[in-house]
Amino acid sequence: MAVIINGKAIAADIRNDIKQGVDELIKAGRRPPYLAVVLVGDDPASASYVQGKQKAAHEVGIQSDTRTYPDSITQADLVNVVHRLNDDSEVDGILVQLPLPDHIEYQRVIEAINPDKDVDCFHPENVGKLMLGLPGFKPATPAGIVELIKRSGIDIAGKRVVIIGRSNIVGKPLASLLIQKGVDATVTVCHSRTQNLPDITRRADILVAALGRAEFVTADMVKKGAAVIDVGINRVDDATKERGYRLVGDVKFDEVAEKASFITPVPGGVGPMTIALMLQNTLVAAQ
Ligand code: NAD
């Protein structure tokens with residue numbers, strides 16, 4: 001049976017370190033870091049993510065407010081909102097909650113953010129720095145995954161990591177982080193057009209599932225003793241739950257846990273790490 005990685009506890013340790021960093025800033029006479037969150041529309045999932053981020057920010061001493069705009073906001077107006085936050089010297093970090101409505105090109109909005117305030121690390125300048133291994137913000141979910149692996153005592157150097165999913169927010173930046181000198185993994189990135197996926201995943205020492213398909217990864221796709229990191233967050237109907245659904249990952253937890261050496265649960269694995277690393281970026285922005 002695999003060791004179940006406690007993402008909640010590891011994220012709590014990181015948040016403690018962030019709190020200390022914030023306290024030191026304040027002792028040195030600086031105002032607390034300030035994170036501005038921009039939320040468009042009334043999608044309940046987005047609203048609940050934003051609430052979670054704000055609560056976590058306040059707990060570590062980071063001030064944060066959400067500016068909420070209707071679905072009907074134009075792209076130009078949203079870009080202006082971002083420009084105003086760029087110009088506001090009280091704002092250290094800017095976070096635009098995704099997804100945005102279809103009529104808004106999200107890339108235009110991300111590119112409007114001052115790269116020094118881009119705590120999600122989505123701006124092309126920051127993505128470029130990440131690729132080049134230059135200092136700067138780290139993308140929250142991928143950096144959270146690397147921290148989870150390291151802090152669980154799993155060797156990465158020289159190991160074969162297979163990532164399922166090539167998105168700009170998880171798969172691609174995670175591959176960048178893992179191949180940097182000092183991390184030293186050998187990485188394969190798979191996607192929806194990959195042929196013979198199970199043949200590839202079965203060779204992984206560390207398998208990362210980030211495709212957004214409920215319980216897609218089954219035990220026969222995993223090598224015995226592999227470490228399995230489940231990034232997926234999927235809602236499946238469940239009449240026994242008050243809210244009518246439950247959250248599951250991209251990995252069939254029970255059967256894969258029998259075969260793996262380490263596994264992350266959903267919820268309580270990668271999710272809490274994402275928030276912690278975004279807060280770390282906000283502290284870095286303030287510093
Ligand atoms: P996405 O939809 O942008 O990308 C999915 C990727 O999976 C694509 O590259 C696609 O090619 C690949 N894919 C889809 N079906 C596949 C298949 N059958 N075989 C192989 N590859 C396949 O998704 P995303 O934004 O990267 O998110 C992925 C999952 O991670 C979602 O469930 C999302 O909710 C979750 N997520 C969690 C966190 C967190 O903090 N825990 C953060 C971001 C995303």
# chains A, B, ... in the order shown; residues from 1 in each chain; ligands from 1
>>> closest_atom_pairs(of="chain A", to="ligand 1", cutoff="10 Å", atoms="only C-alpha atoms and all ligand atoms", output="JSON lines")
{"residue": "A:Tyr49", "atom": "CA", "partner": "ligand 1", "partner_atom_place_in_ligand_line": "40 (O)", "distance": 9.6}
{"residue": "A:Leu98", "atom": "CA", "partner": "ligand 1", "partner_atom_place_in_ligand_line": "25 (O)", "distance": 9.7}
{"residue": "A:Pro99", "atom": "CA", "partner": "ligand 1", "partner_atom_place_in_ligand_line": "25 (O)", "distance": 9.7}
{"residue": "A:Ala140", "atom": "CA", "partner": "ligand 1", "partner_atom_place_in_ligand_line": "40 (O)", "distance": 8.0}
{"residue": "A:Thr141", "atom": "CA", "partner": "ligand 1", "partner_atom_place_in_ligand_line": "40 (O)", "distance": 5.4}
{"residue": "A:Pro142", "atom": "CA", "partner": "ligand 1", "partner_atom_place_in_ligand_line": "42 (C)", "distance": 8.4}
{"residue": "A:Gly144", "atom": "CA", "partner": "ligand 1", "partner_atom_place_in_ligand_line": "40 (O)", "distance": 8.4}
{"residue": "A:Ile145", "atom": "CA", "partner": "ligand 1", "partner_atom_place_in_ligand_line": "41 (N)", "distance": 9.1}
{"residue": "A:Ile163", "atom": "CA", "partner": "ligand 1", "partner_atom_place_in_ligand_line": "21 (N)", "distance": 9.0}
{"residue": "A:Ile164", "atom": "CA", "partner": "ligand 1", "partner_atom_place_in_ligand_line": "21 (N)", "distance": 5.3}
{"residue": "A:Gly165", "atom": "CA", "partner": "ligand 1", "partner_atom_place_in_ligand_line": "7 (O)", "distance": 3.5}
{"residue": "A:Arg166", "atom": "CA", "partner": "ligand 1", "partner_atom_place_in_ligand_line": "9 (O)", "distance": 3.6}
{"residue": "A:Ser167", "atom": "CA", "partner": "ligand 1", "partner_atom_place_in_ligand_line": "26 (O)", "distance": 4.5}
{"residue": "A:Asn168", "atom": "CA", "partner": "ligand 1", "partner_atom_place_in_ligand_line": "26 (O)", "distance": 6.9}
{"residue": "A:Ile169", "atom": "CA", "partner": "ligand 1", "partner_atom_place_in_ligand_line": "26 (O)", "distance": 5.8}
{"residue": "A:Val170", "atom": "CA", "partner": "ligand 1", "partner_atom_place_in_ligand_line": "26 (O)", "distance": 4.8}
{"residue": "A:Gly171", "atom": "CA", "partner": "ligand 1", "partner_atom_place_in_ligand_line": "26 (O)", "distance": 6.2}
{"residue": "A:Lys172", "atom": "CA", "partner": "ligand 1", "partner_atom_place_in_ligand_line": "9 (O)", "distance": 8.7}
{"residue": "A:Val189", "atom": "CA", "partner": "ligand 1", "partner_atom_place_in_ligand_line": "9 (O)", "distance": 9.0}
{"residue": "A:Cys190", "atom": "CA", "partner": "ligand 1", "partner_atom_place_in_ligand_line": "21 (N)", "distance": 5.8}
{"residue": "A:His191", "atom": "CA", "partner": "ligand 1", "partner_atom_place_in_ligand_line": "21 (N)", "distance": 3.4}
{"residue": "A:Ser192", "atom": "CA", "partner": "ligand 1", "partner_atom_place_in_ligand_line": "21 (N)", "distance": 3.7}
{"residue": "A:Arg193", "atom": "CA", "partner": "ligand 1", "partner_atom_place_in_ligand_line": "20 (C)", "distance": 6.8}
{"residue": "A:Thr194", "atom": "CA", "partner": "ligand 1", "partner_atom_place_in_ligand_line": "20 (C)", "distance": 6.3}
{"residue": "A:Gln195", "atom": "CA", "partner": "ligand 1", "partner_atom_place_in_ligand_line": "20 (C)", "distance": 8.8}
{"residue": "A:Asn196", "atom": "CA", "partner": "ligand 1", "partner_atom_place_in_ligand_line": "19 (N)", "distance": 9.7}
{"residue": "A:Leu197", "atom": "CA", "partner": "ligand 1", "partner_atom_place_in_ligand_line": "20 (C)", "distance": 7.0}
{"residue": "A:Pro198", "atom": "CA", "partner": "ligand 1", "partner_atom_place_in_ligand_line": "19 (N)", "distance": 9.6}
{"residue": "A:Ala209", "atom": "CA", "partner": "ligand 1", "partner_atom_place_in_ligand_line": "29 (C)", "distance": 7.8}
{"residue": "A:Ala210", "atom": "CA", "partner": "ligand 1", "partner_atom_place_in_ligand_line": "28 (C)", "distance": 4.3}
{"residue": "A:Leu211", "atom": "CA", "partner": "ligand 1", "partner_atom_place_in_ligand_line": "7 (O)", "distance": 3.4}
{"residue": "A:Gly212", "atom": "CA", "partner": "ligand 1", "partner_atom_place_in_ligand_line": "32 (O)", "distance": 3.2}
{"residue": "A:Arg213", "atom": "CA", "partner": "ligand 1", "partner_atom_place_in_ligand_line": "32 (O)", "distance": 6.4}
{"residue": "A:Ala214", "atom": "CA", "partner": "ligand 1", "partner_atom_place_in_ligand_line": "32 (O)", "distance": 7.7}
{"residue": "A:Phe216", "atom": "CA", "partner": "ligand 1", "partner_atom_place_in_ligand_line": "18 (N)", "distance": 7.8}
{"residue": "A:Val217", "atom": "CA", "partner": "ligand 1", "partner_atom_place_in_ligand_line": "19 (N)", "distance": 9.5}
{"residue": "A:Asp230", "atom": "CA", "partner": "ligand 1", "partner_atom_place_in_ligand_line": "41 (N)", "distance": 7.9}
{"residue": "A:Val231", "atom": "CA", "partner": "ligand 1", "partner_atom_place_in_ligand_line": "30 (O)", "distance": 4.7}
{"residue": "A:Gly232", "atom": "CA", "partner": "ligand 1", "partner_atom_place_in_ligand_line": "32 (O)", "distance": 3.5}
{"residue": "A:Ile233", "atom": "CA", "partner": "ligand 1", "partner_atom_place_in_ligand_line": "32 (O)", "distance": 4.1}
{"residue": "A:Asn234", "atom": "CA", "partner": "ligand 1", "partner_atom_place_in_ligand_line": "32 (O)", "distance": 5.4}
{"residue": "A:Arg235", "atom": "CA", "partner": "ligand 1", "partner_atom_place_in_ligand_line": "32 (O)", "distance": 8.9}
{"residue": "A:Leu247", "atom": "CA", "partner": "ligand 1", "partner_atom_place_in_ligand_line": "32 (O)", "distance": 9.9}
{"residue": "A:Val248", "atom": "CA", "partner": "ligand 1", "partner_atom_place_in_ligand_line": "32 (O)", "distance": 8.9}
{"residue": "A:Gly249", "atom": "CA", "partner": "ligand 1", "partner_atom_place_in_ligand_line": "32 (O)", "distance": 7.0}
{"residue": "A:Asp250", "atom": "CA", "partner": "ligand 1", "partner_atom_place_in_ligand_line": "32 (O)", "distance": 6.9}
{"residue": "A:Val266", "atom": "CA", "partner": "ligand 1", "partner_atom_place_in_ligand_line": "41 (N)", "distance": 8.2}
{"residue": "A:Pro267", "atom": "CA", "partner": "ligand 1", "partner_atom_place_in_ligand_line": "41 (N)", "distance": 8.1}
{"residue": "A:Gly268", "atom": "CA", "partner": "ligand 1", "partner_atom_place_in_ligand_line": "41 (N)", "distance": 8.9}
{"residue": "A:Gly269", "atom": "CA", "partner": "ligand 1", "partner_atom_place_in_ligand_line": "41 (N)", "distance": 7.4}
{"residue": "A:Val270", "atom": "CA", "partner": "ligand 1", "partner_atom_place_in_ligand_line": "41 (N)", "distance": 4.7}
{"residue": "A:Gly271", "atom": "CA", "partner": "ligand 1", "partner_atom_place_in_ligand_line": "41 (N)", "distance": 3.6}
{"residue": "A:Pro272", "atom": "CA", "partner": "ligand 1", "partner_atom_place_in_ligand_line": "40 (O)", "distance": 6.9}
{"residue": "A:Met273", "atom": "CA", "partner": "ligand 1", "partner_atom_place_in_ligand_line": "40 (O)", "distance": 7.0}
{"residue": "A:Thr274", "atom": "CA", "partner": "ligand 1", "partner_atom_place_in_ligand_line": "40 (O)", "distance": 4.8}
{"residue": "A:Ile275", "atom": "CA", "partner": "ligand 1", "partner_atom_place_in_ligand_line": "40 (O)", "distance": 7.3}
>>> select_by_dssp(residues="segment 23-265 of chain A", states="strand (DSSP E or B)", output="PyMOL selection string")
chain A and resi 34-40+63-69+93-96+118+160-164+186-190+206-209+217+227-230+234-237+245-248+251+262-263
>>> closest_residue(among="A:Ala227, A:Ala257, A:Ala185, A:Ala276", to="Gly7 of chain A", atoms="only C-alpha atoms")
A:Ala276
>>> select_by_dssp(residues="segment 214-264 of chain A", states="helix (DSSP H, G or I)", output="ChimeraX atom specification")
/A:219-221,253-259
>>> residues_around(residues="segment 75-79 of chain A", least_positions_apart="6", cutoff="10 Å", atoms="only C-alpha atoms", output="PyMOL selection string")
chain A and resi 38+40+69+85+96+100-101+103-106+108-113
